[in-house]
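Participant: The file below is run-v9.txt, compact mmCIF, C-alpha atoms:
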# COMPACT_ATOMS: atom_id res chain seq x y z
CA MET A 187 -131.23 -29.57 -25.58
CA ILE A 188 -129.80 -30.68 -28.93
CA LEU A 189 -129.06 -34.24 -27.80
CA GLU A 190 -132.61 -34.64 -26.54
CA GLN A 191 -134.01 -33.48 -29.89
CA LEU A 192 -131.74 -35.83 -31.84
CA PHE A 193 -131.96 -38.97 -29.74
CA TYR A 194 -135.15 -38.66 -27.63
CA LEU A 195 -133.28 -39.61 -24.45
CA ARG A 196 -136.21 -39.06 -22.07
CA GLU A 197 -138.64 -40.98 -24.24
CA ASN A 198 -136.22 -43.89 -24.24
CA ARG A 199 -135.63 -43.58 -20.50
CA THR A 200 -131.90 -43.06 -20.77
CA SER A 201 -129.29 -40.35 -20.21
CA VAL A 202 -126.06 -39.06 -21.75
CA ARG A 203 -124.09 -40.84 -19.04
CA ARG A 204 -125.79 -44.20 -19.70
CA GLU A 205 -125.26 -43.81 -23.44
CA LEU A 206 -121.58 -42.98 -22.89
CA ILE A 207 -121.07 -46.05 -20.70
CA GLY A 208 -122.94 -48.17 -23.24
CA GLY A 209 -120.84 -46.82 -26.10
CA LEU A 210 -117.58 -47.41 -24.24
CA THR A 211 -118.65 -50.97 -23.38
CA THR A 212 -119.57 -51.73 -27.00
CA PHE A 213 -116.29 -50.23 -28.26
CA LEU A 214 -114.17 -52.34 -25.91
CA ALA A 215 -116.11 -55.46 -26.87
CA MET A 216 -115.58 -54.95 -30.62
CA SER A 217 -112.23 -53.11 -30.71
CA TYR A 218 -110.41 -56.34 -31.59
CA ILE A 219 -111.41 -55.64 -35.21
CA LEU A 220 -108.78 -52.87 -35.31
CA ALA A 221 -106.11 -55.54 -35.01
CA VAL A 222 -107.77 -58.47 -36.76
CA ASN A 223 -108.95 -56.71 -39.93
CA PRO A 224 -105.52 -55.31 -40.95
CA GLU A 225 -103.97 -58.70 -40.17
CA LEU A 226 -106.46 -60.57 -42.36
CA LEU A 227 -106.71 -58.15 -45.28
CA GLY A 228 -102.97 -57.56 -45.13
CA SER A 229 -102.56 -61.19 -46.24
CA THR A 230 -103.97 -60.17 -49.64
CA GLY A 231 -101.14 -57.73 -50.31
CA MET A 232 -103.00 -54.67 -49.05
CA SER A 233 -101.13 -52.22 -46.83
CA LYS A 234 -101.89 -53.13 -43.21
CA THR A 235 -101.60 -49.55 -42.00
CA ALA A 236 -103.90 -48.34 -44.77
CA VAL A 237 -106.41 -51.07 -43.88
CA PHE A 238 -106.19 -49.95 -40.25
CA THR A 239 -107.27 -46.44 -41.27
CA ALA A 240 -109.91 -47.76 -43.68
CA THR A 241 -111.33 -49.93 -40.88
CA ILE A 242 -111.59 -46.90 -38.61
CA LEU A 243 -113.15 -44.71 -41.32
CA ALA A 244 -115.75 -47.39 -42.13
CA ALA A 245 -116.56 -47.82 -38.44
CA ILE A 246 -116.85 -44.06 -37.85
CA VAL A 247 -119.14 -43.53 -40.83
CA GLY A 248 -121.22 -46.62 -40.01
CA CYS A 249 -121.66 -45.73 -36.34
CA LEU A 250 -122.51 -42.09 -37.13
CA LEU A 251 -125.11 -43.16 -39.69
CA MET A 252 -126.60 -45.69 -37.30
CA GLY A 253 -126.69 -43.11 -34.53
CA LEU A 254 -127.80 -39.98 -36.36
CA VAL A 255 -130.02 -41.46 -39.07
CA ALA A 256 -131.50 -44.56 -37.43
CA ASN A 257 -131.09 -43.62 -33.73
CA PHE A 258 -130.15 -47.24 -33.07
CA PRO A 259 -127.77 -48.42 -30.29
CA VAL A 260 -125.83 -50.58 -32.73
CA ALA A 261 -122.18 -50.17 -33.76
CA LEU A 262 -120.90 -50.95 -37.26
CA ALA A 263 -117.46 -51.99 -38.50
CA PRO A 264 -115.97 -54.35 -41.11
CA GLY A 265 -117.47 -57.73 -40.31
CA MET A 266 -115.77 -60.89 -39.12
CA GLY A 267 -116.34 -63.78 -41.51
CA LEU A 268 -116.82 -61.48 -44.46
CA ASN A 269 -113.21 -60.30 -44.13
CA ALA A 270 -112.11 -63.95 -44.01
CA PHE A 271 -114.13 -64.72 -47.15
CA PHE A 272 -112.59 -61.68 -48.84
CA THR A 273 -109.07 -62.80 -47.95
CA TYR A 274 -108.96 -66.58 -48.05
CA THR A 275 -111.56 -67.39 -50.70
CA VAL A 276 -111.83 -64.45 -53.10
CA VAL A 277 -108.19 -63.33 -53.19
CA GLN A 278 -106.06 -66.29 -52.11
CA GLU A 279 -108.09 -69.24 -53.44
CA TRP A 280 -109.71 -67.70 -56.52
CA HIS A 281 -106.74 -65.41 -57.29
CA ILE A 282 -108.95 -62.36 -57.76
CA PRO A 283 -106.93 -59.15 -57.19
CA TRP A 284 -107.87 -57.36 -53.98
CA GLN A 285 -108.74 -54.26 -56.00
CA THR A 286 -111.38 -56.22 -57.94
CA ALA A 287 -112.61 -57.83 -54.72
CA LEU A 288 -113.18 -54.34 -53.29
CA ALA A 289 -115.15 -53.48 -56.41
CA GLY A 290 -117.33 -56.52 -55.65
CA VAL A 291 -117.94 -55.22 -52.13
CA PHE A 292 -118.89 -51.84 -53.59
CA VAL A 293 -121.46 -53.36 -55.97
CA ALA A 294 -122.90 -55.54 -53.19
CA GLY A 295 -123.27 -52.38 -51.11
CA ILE A 296 -125.12 -50.60 -53.92
CA LEU A 297 -127.48 -53.58 -54.26
CA PHE A 298 -128.02 -53.48 -50.50
CA ILE A 299 -128.87 -49.76 -50.66
CA LEU A 300 -131.37 -50.30 -53.48
CA LEU A 301 -132.96 -53.14 -51.54
CA THR A 302 -133.37 -51.09 -48.36
CA LEU A 303 -135.04 -48.33 -50.36
CA SER A 304 -137.55 -50.75 -51.88
CA LYS A 305 -140.50 -52.66 -50.47
CA LEU A 306 -138.71 -55.94 -51.25
CA ARG A 307 -136.42 -55.60 -48.22
CA ASP A 308 -138.42 -57.55 -45.65
CA LYS A 309 -139.71 -60.02 -48.25
CA LEU A 310 -136.22 -60.95 -49.44
CA ILE A 311 -134.96 -61.45 -45.90
CA ASN A 312 -137.90 -63.76 -45.20
CA LEU A 313 -137.45 -65.70 -48.46
CA ILE A 314 -134.22 -67.26 -47.18
CA PRO A 315 -135.13 -70.13 -44.82
CA SER A 316 -134.24 -69.44 -41.20
CA ALA A 317 -132.40 -72.73 -40.90
CA LEU A 318 -130.01 -71.74 -43.68
CA LYS A 319 -129.46 -68.30 -42.15
CA TYR A 320 -128.43 -69.91 -38.87
CA ALA A 321 -126.34 -72.54 -40.68
CA VAL A 322 -124.43 -69.89 -42.62
CA SER A 323 -123.70 -67.95 -39.43
CA ALA A 324 -122.55 -71.10 -37.62
CA GLY A 325 -120.52 -72.22 -40.63
CA ILE A 326 -118.72 -68.88 -40.76
CA GLY A 327 -118.00 -69.35 -37.05
CA LEU A 328 -116.32 -72.69 -37.75
CA PHE A 329 -114.46 -71.17 -40.68
CA ILE A 330 -112.93 -68.23 -38.82
CA ALA A 331 -112.12 -70.37 -35.77
CA PHE A 332 -110.25 -72.79 -38.04
CA SER A 333 -108.44 -69.91 -39.75
CA GLY A 334 -107.30 -68.70 -36.32
CA LEU A 335 -105.96 -72.15 -35.45
CA GLN A 336 -104.22 -72.40 -38.81
CA THR A 337 -102.63 -68.95 -39.10
CA SER A 338 -101.26 -69.24 -35.57
CA GLY A 339 -99.61 -72.58 -36.38
CA ILE A 340 -101.63 -74.64 -33.91
CA ILE A 341 -103.08 -76.60 -36.84
CA VAL A 342 -100.89 -77.31 -39.89
CA ALA A 343 -101.20 -79.08 -43.23
CA ASN A 344 -100.48 -82.81 -43.21
CA LYS A 345 -100.07 -85.02 -46.30
CA SER A 346 -101.55 -88.17 -44.75
CA ASN A 347 -104.33 -86.68 -42.63
CA ALA A 348 -104.93 -83.32 -44.37
CA VAL A 349 -104.44 -81.47 -41.05
CA ALA A 350 -102.56 -82.13 -37.83
CA LEU A 351 -101.29 -80.42 -34.68
CA GLY A 352 -98.45 -77.97 -35.24
CA ASN A 353 -95.18 -77.72 -33.36
CA LEU A 354 -96.24 -77.34 -29.73
CA HIS A 355 -92.65 -76.47 -28.79
CA SER A 356 -92.67 -73.36 -30.97
CA PRO A 357 -92.71 -70.14 -28.88
CA THR A 358 -95.19 -68.56 -31.32
CA VAL A 359 -97.59 -71.50 -31.08
CA LEU A 360 -97.28 -71.58 -27.29
CA LEU A 361 -98.06 -67.85 -27.18
CA ALA A 362 -101.18 -68.41 -29.31
CA ILE A 363 -102.34 -71.22 -27.01
CA PHE A 364 -101.74 -68.99 -23.99
CA GLY A 365 -103.77 -66.23 -25.64
CA ILE A 366 -106.67 -68.56 -26.39
CA ILE A 367 -106.79 -69.78 -22.79
CA VAL A 368 -106.62 -66.24 -21.37
CA GLY A 369 -109.24 -64.94 -23.79
CA ILE A 370 -111.64 -67.79 -23.06
CA MET A 371 -111.21 -67.31 -19.30
CA LEU A 372 -111.97 -63.57 -19.55
CA VAL A 373 -115.03 -64.04 -21.77
CA THR A 374 -116.29 -66.88 -19.55
CA ALA A 375 -115.95 -64.57 -16.56
CA ASN A 376 -118.04 -61.94 -18.43
CA VAL A 377 -115.22 -59.39 -18.32
CA THR A 378 -116.20 -56.34 -20.37
CA GLY A 379 -114.11 -56.31 -23.54
CA GLY A 380 -112.75 -59.77 -22.70
CA ILE A 381 -111.62 -60.45 -26.27
CA PHE A 382 -109.75 -57.14 -26.42
CA TRP A 383 -108.07 -57.60 -23.02
CA GLY A 384 -107.12 -61.17 -23.92
CA MET A 385 -105.28 -59.89 -26.99
CA PHE A 386 -103.68 -57.11 -24.94
CA ILE A 387 -102.34 -59.55 -22.33
CA THR A 388 -101.10 -61.96 -25.03
CA ALA A 389 -99.24 -59.19 -26.86
CA ALA A 390 -97.70 -57.98 -23.58
CA VAL A 391 -96.49 -61.50 -22.68
CA GLY A 392 -95.14 -61.95 -26.20
CA MET A 393 -93.06 -58.77 -25.87
CA ILE A 394 -91.84 -59.67 -22.37
CA PHE A 395 -90.47 -63.01 -23.62
CA GLY A 396 -89.09 -61.60 -26.86
CA ILE A 397 -91.51 -63.51 -29.09
CA ILE A 398 -92.96 -60.27 -30.45
CA PRO A 399 -90.71 -57.26 -31.18
CA LEU A 400 -91.40 -54.05 -29.26
CA PRO A 401 -93.28 -51.33 -31.17
CA THR A 402 -91.34 -48.28 -32.35
CA GLY A 403 -93.88 -46.03 -30.66
CA ILE A 404 -97.42 -45.82 -29.31
CA ILE A 405 -98.95 -42.64 -30.69
CA SER A 406 -98.49 -41.30 -34.22
CA GLY A 407 -100.27 -39.53 -37.01
CA VAL A 408 -103.11 -41.34 -38.76
CA PRO A 409 -101.68 -43.67 -41.46
CA SER A 410 -102.52 -42.75 -45.04
CA VAL A 411 -105.34 -44.67 -46.67
CA GLN A 412 -104.13 -43.59 -50.13
CA PRO A 413 -102.72 -47.00 -51.25
CA ILE A 414 -106.20 -48.56 -51.16
CA PHE A 415 -108.59 -45.60 -51.28
CA GLY A 416 -110.90 -45.55 -54.32
CA GLN A 417 -109.62 -48.81 -55.79
CA ALA A 418 -113.14 -50.24 -55.53
CA VAL A 419 -114.45 -47.62 -57.94
CA THR A 420 -111.56 -47.58 -60.42
CA HIS A 421 -111.71 -51.38 -60.81
CA LEU A 422 -115.44 -51.71 -61.41
CA GLY A 423 -114.66 -52.58 -65.01
CA ASN A 424 -112.96 -55.79 -63.85
CA ILE A 425 -116.29 -57.24 -62.73
CA ASN A 426 -116.79 -59.21 -65.92
CA SER A 427 -116.96 -62.86 -64.90
CA PHE A 428 -119.46 -65.33 -63.49
CA GLN A 429 -117.06 -65.88 -60.61
CA MET A 430 -117.35 -62.22 -59.59
CA ILE A 431 -121.15 -62.50 -59.72
CA ILE A 432 -120.87 -65.30 -57.15
CA VAL A 433 -118.58 -63.11 -55.04
CA ILE A 434 -121.06 -60.20 -55.14
CA LEU A 435 -124.02 -62.48 -54.36
CA THR A 436 -122.16 -63.96 -51.38
CA PHE A 437 -121.23 -60.54 -50.00
CA PHE A 438 -124.81 -59.38 -50.54
CA ILE A 439 -126.62 -62.39 -49.06
CA ILE A 440 -124.38 -62.82 -46.02
CA GLY A 441 -124.29 -59.08 -45.38
CA LEU A 442 -128.07 -58.84 -45.65
CA PHE A 443 -129.10 -61.40 -43.08
CA ASP A 444 -126.03 -60.87 -40.90
CA THR A 445 -126.95 -57.21 -40.46
CA SER A 446 -130.69 -57.82 -40.22
CA GLY A 447 -130.23 -60.68 -37.74
CA THR A 448 -127.97 -58.60 -35.51
CA LEU A 449 -130.34 -55.63 -35.63
CA VAL A 450 -133.26 -57.80 -34.57
CA GLY A 451 -131.20 -59.36 -31.76
CA VAL A 452 -130.01 -56.04 -30.39
CA ALA A 453 -133.46 -54.46 -30.79
CA THR A 454 -135.00 -57.31 -28.80
CA GLU A 455 -132.43 -56.81 -26.03
CA ALA A 456 -133.16 -53.07 -26.02
CA SER A 457 -136.96 -53.58 -26.01
CA MET A 458 -137.30 -51.88 -29.40
CA VAL A 459 -139.61 -54.53 -30.86
CA ASP A 460 -143.31 -53.68 -31.12
CA LYS A 461 -145.15 -56.23 -28.96
CA GLU A 462 -148.22 -56.33 -31.20
CA SER A 463 -146.75 -56.36 -34.72
CA GLY A 464 -143.37 -57.85 -33.89
CA GLU A 465 -141.71 -55.18 -36.04
CA VAL A 466 -138.44 -53.54 -35.10
CA LYS A 467 -138.76 -49.79 -34.72
CA GLY A 468 -136.64 -47.95 -37.30
CA VAL A 469 -135.21 -51.10 -38.87
CA GLY A 470 -135.49 -49.62 -42.38
CA LYS A 471 -133.21 -46.68 -41.54
CA ALA A 472 -130.86 -49.03 -39.68
CA LEU A 473 -130.52 -51.34 -42.67
CA PHE A 474 -129.98 -48.35 -44.95
CA SER A 475 -127.21 -47.14 -42.64
CA GLY A 476 -125.53 -50.53 -42.82
CA ALA A 477 -125.83 -50.64 -46.62
CA LEU A 478 -124.37 -47.16 -47.07
CA ALA A 479 -121.56 -47.96 -44.62
CA THR A 480 -120.63 -51.06 -46.66
CA THR A 481 -120.54 -49.03 -49.88
CA LEU A 482 -118.43 -46.23 -48.41
CA GLY A 483 -116.24 -48.76 -46.58
CA ALA A 484 -115.39 -50.36 -49.94
CA VAL A 485 -114.33 -46.94 -51.24
CA PHE A 486 -112.11 -46.48 -48.18
CA GLY A 487 -110.61 -49.92 -48.84
CA THR A 488 -112.10 -52.57 -46.58
CA SER A 489 -114.34 -55.64 -46.67
CA PRO A 490 -118.11 -55.34 -45.97
CA THR A 491 -119.23 -53.33 -42.95
CA THR A 492 -121.88 -54.93 -40.75
CA ALA A 493 -123.71 -54.54 -37.46
CA TYR A 494 -121.84 -55.97 -34.47
CA VAL A 495 -123.59 -58.33 -32.10
CA GLU A 496 -121.20 -57.02 -29.43
CA SER A 497 -123.55 -54.03 -29.33
CA THR A 498 -125.70 -56.11 -26.98
CA SER A 499 -123.01 -55.60 -24.33
CA GLY A 500 -123.60 -51.86 -24.53
CA VAL A 501 -127.37 -52.34 -24.44
CA ALA A 502 -126.95 -54.56 -21.38
CA VAL A 503 -125.42 -51.65 -19.42
CA GLY A 504 -128.06 -49.13 -20.48
CA ALA A 505 -127.61 -47.94 -24.08
CA ARG A 506 -130.98 -47.34 -25.73
CA THR A 507 -130.39 -44.76 -28.47
CA GLY A 508 -128.08 -43.85 -31.32
CA LEU A 509 -126.10 -41.59 -29.01
CA SER A 510 -124.18 -44.66 -27.84
CA SER A 511 -123.25 -45.37 -31.49
CA VAL A 512 -122.01 -41.79 -31.87
CA PHE A 513 -119.79 -42.29 -28.81
CA VAL A 514 -118.43 -45.49 -30.39
CA ALA A 515 -117.58 -43.47 -33.53
CA LEU A 516 -115.68 -40.93 -31.41
CA LEU A 517 -113.71 -43.70 -29.69
CA PHE A 518 -112.76 -45.20 -33.07
CA ALA A 519 -111.55 -41.73 -34.13
CA ILE A 520 -109.31 -41.54 -31.05
CA ALA A 521 -107.98 -45.04 -31.77
CA ALA A 522 -106.75 -43.85 -35.18
CA PHE A 523 -103.71 -42.26 -33.49
CA PHE A 524 -102.45 -45.56 -32.05
CA SER A 525 -101.42 -47.34 -35.26
CA PRO A 526 -97.79 -48.16 -34.15
CA ILE A 527 -99.27 -50.75 -31.79
CA LEU A 528 -100.31 -52.75 -34.87
CA THR A 529 -96.77 -54.18 -35.15
CA VAL A 530 -97.30 -56.24 -31.99
CA ILE A 531 -100.64 -57.69 -33.19
CA THR A 532 -99.46 -60.89 -34.84
CA SER A 533 -101.44 -63.99 -35.87
CA ALA A 534 -100.59 -65.52 -32.48
CA VAL A 535 -102.31 -62.57 -30.80
CA THR A 536 -105.40 -62.49 -33.03
CA ALA A 537 -105.96 -66.28 -32.87
CA SER A 538 -107.96 -65.99 -29.64
CA ALA A 539 -110.30 -63.36 -31.13
CA LEU A 540 -111.01 -65.47 -34.21
CA ILE A 541 -111.68 -68.61 -32.17
CA ILE A 542 -113.86 -66.95 -29.51
CA VAL A 543 -115.96 -65.11 -32.11
CA GLY A 544 -116.24 -68.43 -33.96
CA ILE A 545 -117.55 -70.13 -30.83
CA LEU A 546 -120.10 -67.38 -30.28
CA MET A 547 -121.33 -67.60 -33.88
CA LEU A 548 -121.63 -71.38 -33.66
CA SER A 549 -124.30 -70.99 -30.97
CA ASN A 550 -126.81 -70.40 -33.79
CA VAL A 551 -127.02 -74.16 -34.42
CA GLN A 552 -129.47 -74.35 -31.49
CA TYR A 553 -132.13 -72.69 -33.65
CA ILE A 554 -131.96 -75.32 -36.41
CA ASP A 555 -134.54 -78.13 -36.23
CA TRP A 556 -132.20 -81.12 -36.46
CA THR A 557 -135.10 -83.54 -35.98
CA LYS A 558 -136.28 -82.82 -39.55
CA PHE A 559 -133.81 -84.51 -41.91
CA GLU A 560 -134.83 -82.37 -44.89
CA ILE A 561 -133.72 -79.32 -42.87
CA ALA A 562 -130.72 -80.94 -41.20
CA VAL A 563 -129.09 -82.00 -44.49
CA PRO A 564 -128.69 -78.55 -46.13
CA ALA A 565 -127.80 -76.99 -42.77
CA PHE A 566 -125.12 -79.62 -42.15
CA PHE A 567 -123.60 -79.33 -45.62
CA THR A 568 -123.58 -75.53 -45.42
CA MET A 569 -121.47 -75.65 -42.26
CA ILE A 570 -119.21 -78.61 -42.98
CA MET A 571 -118.42 -77.59 -46.57
CA MET A 572 -117.44 -74.08 -45.51
CA LEU A 573 -114.87 -75.68 -43.25
CA LEU A 574 -113.63 -78.49 -45.50
CA THR A 575 -113.49 -76.51 -48.75
CA TYR A 576 -112.05 -73.52 -46.87
CA SER A 577 -114.58 -71.42 -48.73
CA ILE A 578 -117.61 -69.63 -47.27
CA SER A 579 -119.26 -69.21 -50.66
CA GLU A 580 -118.89 -72.86 -51.65
CA GLY A 581 -120.36 -74.03 -48.36
CA LEU A 582 -123.26 -71.65 -48.84
CA ALA A 583 -123.67 -72.92 -52.41
CA VAL A 584 -123.83 -76.60 -51.40
CA GLY A 585 -126.43 -75.87 -48.72
CA PHE A 586 -128.57 -73.83 -51.11
CA ILE A 587 -128.47 -76.67 -53.66
CA PHE A 588 -129.49 -79.36 -51.18
CA TYR A 589 -132.38 -77.40 -49.66
CA PRO A 590 -134.78 -77.58 -52.66
CA ILE A 591 -133.80 -81.22 -53.24
CA THR A 592 -134.52 -82.51 -49.74
CA MET A 593 -137.65 -80.39 -49.37
CA THR A 594 -139.01 -81.73 -52.69
CA VAL A 595 -138.29 -85.37 -51.81
CA LYS A 596 -140.05 -84.83 -48.50
CA GLY A 597 -143.11 -83.52 -50.36
CA ARG A 598 -142.63 -79.96 -49.13
CA TRP A 599 -141.70 -78.47 -52.52
CA ARG A 600 -144.45 -75.86 -52.24
CA GLU A 601 -142.50 -74.33 -49.34
CA VAL A 602 -139.49 -73.72 -51.60
CA ASN A 603 -139.80 -70.20 -53.02
CA ALA A 604 -138.62 -68.93 -56.39
CA LEU A 605 -135.49 -67.34 -54.92
CA MET A 606 -134.26 -70.67 -53.55
CA TRP A 607 -134.89 -72.45 -56.87
CA THR A 608 -133.04 -69.67 -58.68
CA MET A 609 -130.10 -69.83 -56.27
CA MET A 610 -129.93 -73.60 -56.72
CA VAL A 611 -129.60 -73.21 -60.51
CA VAL A 612 -127.04 -70.40 -60.17
CA PHE A 613 -124.84 -72.42 -57.82
CA ILE A 614 -125.09 -75.58 -59.96
CA LEU A 615 -123.88 -73.52 -62.93
CA TYR A 616 -121.09 -72.17 -60.74
CA PHE A 617 -119.84 -75.67 -59.85
CA ALA A 618 -120.21 -76.81 -63.48
CA PHE A 619 -118.34 -73.98 -65.17
CA VAL A 620 -116.36 -72.00 -62.60
CA ALA A 621 -115.26 -74.01 -59.56
When written as structure tokens, how does the structure in this file appear?
Facilitator:
Amino acid sequence: MILEQLFYLRENRTSVRRELIGGLTTFLAMSYILAVNPELLGSTGMSKTAVFTATILAAIVGCLLMGLVANFPVALAPGMGLNAFFTYTVVQEWHIPWQTALAGVFVAGILFILLTLSKLRDKLINLIPSALKYAVSAGIGLFIAFSGLQTSGIIVANKSNAVALGNLHSPTVLLAIFGIIVGIMLVTANVTGGIFWGMFITAAVGMIFGIIPLPTGIISGVPSVQPIFGQAVTHLGNINSFQMIIVILTFFIIGLFDTSGTLVGVATEASMVDKESGEVKGVGKALFSGALATTLGAVFGTSPTTAYVESTSGVAVGARTGLSSVFVALLFAIAAFFSPILTVITSAVTASALIIVGILMLSNVQYIDWTKFEIAVPAFFTMIMMLLTYSISEGLAVGFIFYPITMTVKGRWREVNALMWTMMVVFILYFAFVA
């Protein structure tokens, strides 16, 4: 049997049926990205329909690589947080054209590929302190939750207090609040694909009450990716500033430990961790798959592709091999024919997804040792500055600067490796000459 030879189903004590159910569960849990990614990247001036197709292509390629090359029950797609950094920081705040930003994603992907092919992979991951990894993840959670509150109009700018509550009598704001409540109730009740179904119900209510216009259709041909395809490659020559180096480093660093952290988490859930060595079986091929997916995703026209923690939902119902990832790829391919539905996915609809994912990411603060002030300070500044500067990279920069300082004052300077000292200098130069 071909499937047995490719995925070792018997050895992993699974079946085609279990892998199919696991793949379907994972797809439903992460399918919100099909609506959220075009909405976010569309704010940069990119064609939303083209981004929709690029998102699907990146997910298909990523899932197929993860399934066929790494035989890992993990699904890939453009990552939450990284798409927000791409949109709000790189393009809108720093005024870098989206074409150049895609070129930055492409270069970060190439660096990721080279790293996975070298022996430095595991060392580099371990060189970044765990506390900062968790702080970055939690900070991104705060960031995207805030962006959901802001784009939906629940939180607005205020001259005296910086931010304030929006117009709670606005139908759009009320729809967003309704969506958040419904989404939270479904996820709390452990409903499979709760985020997706919350968005579906919100969009349906919005159409019923005339807040959201009805779509012109449901099924159509796959939208052309031509407006954004290949722009990452043709604009490589625009990467000629220190600011773009910071962009590439941020994509690279966040993508690296976001993917590696998710892979370890899913592998642990799927009992794929060697009990004696603590190593994850096939992690090298899995990381390579993620790196190649990011690079190809940039060519298609989307922000970095990463492993989805929602894959644990598929593992929880039985997925144990890459066959489940292949099924996820097939489901994304089918979804490509439903692009007209995108017109009903407004910021009021996606707000719940951004906020719920933000809450889930914030759970990483539990792994930070807040009792040690030298650790708490850089972790705190990483999270709070991401939120208050509305910039993921600047929050990361502040945290990376404080870490060597507080560790040195505490007499623990020997624990600060060369990478962290280098990053501190790089980010100080960034604030001095670029920011």
Participant: In Å, how far is it from atom CA of A:Thr536 to atom CA of A:Val237?
Facilitator: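 Going from atom CA of A:Thr536 over to atom CA of A:Val237, I get 15.8 Å.
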Participant: May I have the residues within 9 Å of A:Ile587 as a list in words, using all atoms listed in the file and disregarding those fewer than 6 positions away in the same chain?
Facilitator: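 Near neighbours after the sequence-gap exclusion: Pro564, Met606, Trp607, Met609, Met610, Val611, Phe613 and Ile614 of chain A.
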Participant: Could you check the closest approach to A:Gly248 for each of A:Leu478, A:Ala390, A:Val535, A:Leu301 and tell me which residue wins, using all atoms listed in the file?
Facilitator: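 Closest to A:Gly248 of all the choices is A:Leu478.
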Participant: Using atom CA of A:Phe524 and atom CA of A:Gly403 as the two end points, give the distance in Å to one decimal.
Facilitator: 8.7 Å
Participant: Could you please give me, as a list in words, the residues of protein, DNA or RNA lying at most 9 Å from (-118.9, -77.2, -42.9) in the coordinate frame of the file, considering only C-alpha atoms?
Facilitator: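 The requested residues, written out, are Ala324, Gly325, Ile326, Leu328, Phe329, Ala565, Phe566, Phe567, Thr568, Met569, Ile570, Met571, Met572, Leu573, Leu574, Thr575, Tyr576, Ile578 and Gly581 of chain A.
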Participant: Quick one: stretch 540-550 of chain A with N, CA, C and O atoms, as a tab-separated table (two decimals), in the frame of the given file?
Facilitator:
chain	number	residue	atom	x	y	z
A	540	LEU	N	-110.36	-64.71	-33.14
A	540	LEU	CA	-111.01	-65.47	-34.21
A	540	LEU	C	-111.73	-66.69	-33.64
A	540	LEU	O	-112.87	-66.99	-34.02
A	541	ILE	N	-111.09	-67.38	-32.73
A	541	ILE	CA	-111.68	-68.61	-32.17
A	541	ILE	C	-112.87	-68.29	-31.27
A	541	ILE	O	-113.92	-68.96	-31.35
A	542	ILE	N	-112.75	-67.29	-30.42
A	542	ILE	CA	-113.86	-66.95	-29.51
A	542	ILE	C	-115.07	-66.44	-30.29
A	542	ILE	O	-116.20	-66.84	-30.02
A	543	VAL	N	-114.84	-65.58	-31.28
A	543	VAL	CA	-115.96	-65.11	-32.11
A	543	VAL	C	-116.58	-66.30	-32.85
A	543	VAL	O	-117.80	-66.39	-32.99
A	544	GLY	N	-115.73	-67.23	-33.30
A	544	GLY	CA	-116.24	-68.43	-33.96
A	544	GLY	C	-117.14	-69.24	-33.05
A	544	GLY	O	-118.20	-69.73	-33.47
A	545	ILE	N	-116.74	-69.39	-31.81
A	545	ILE	CA	-117.55	-70.13	-30.83
A	545	ILE	C	-118.90	-69.45	-30.63
A	545	ILE	O	-119.95	-70.10	-30.60
A	546	LEU	N	-118.86	-68.13	-30.49
A	546	LEU	CA	-120.10	-67.38	-30.28
A	546	LEU	C	-121.05	-67.50	-31.47
A	546	LEU	O	-122.26	-67.64	-31.31
A	547	MET	N	-120.50	-67.48	-32.68
A	547	MET	CA	-121.33	-67.60	-33.88
A	547	MET	C	-121.91	-69.01	-34.02
A	547	MET	O	-123.01	-69.19	-34.55
A	548	LEU	N	-121.18	-70.00	-33.55
A	548	LEU	CA	-121.63	-71.38	-33.66
A	548	LEU	C	-122.87	-71.66	-32.81
A	548	LEU	O	-123.60	-72.62	-33.06
A	549	SER	N	-123.14	-70.78	-31.84
A	549	SER	CA	-124.30	-70.99	-30.97
A	549	SER	C	-125.62	-70.97	-31.75
A	549	SER	O	-126.64	-71.44	-31.27
A	550	ASN	N	-125.59	-70.46	-32.98
A	550	ASN	CA	-126.81	-70.40	-33.79
A	550	ASN	C	-127.35	-71.77	-34.20
A	550	ASN	O	-128.50	-71.87	-34.65
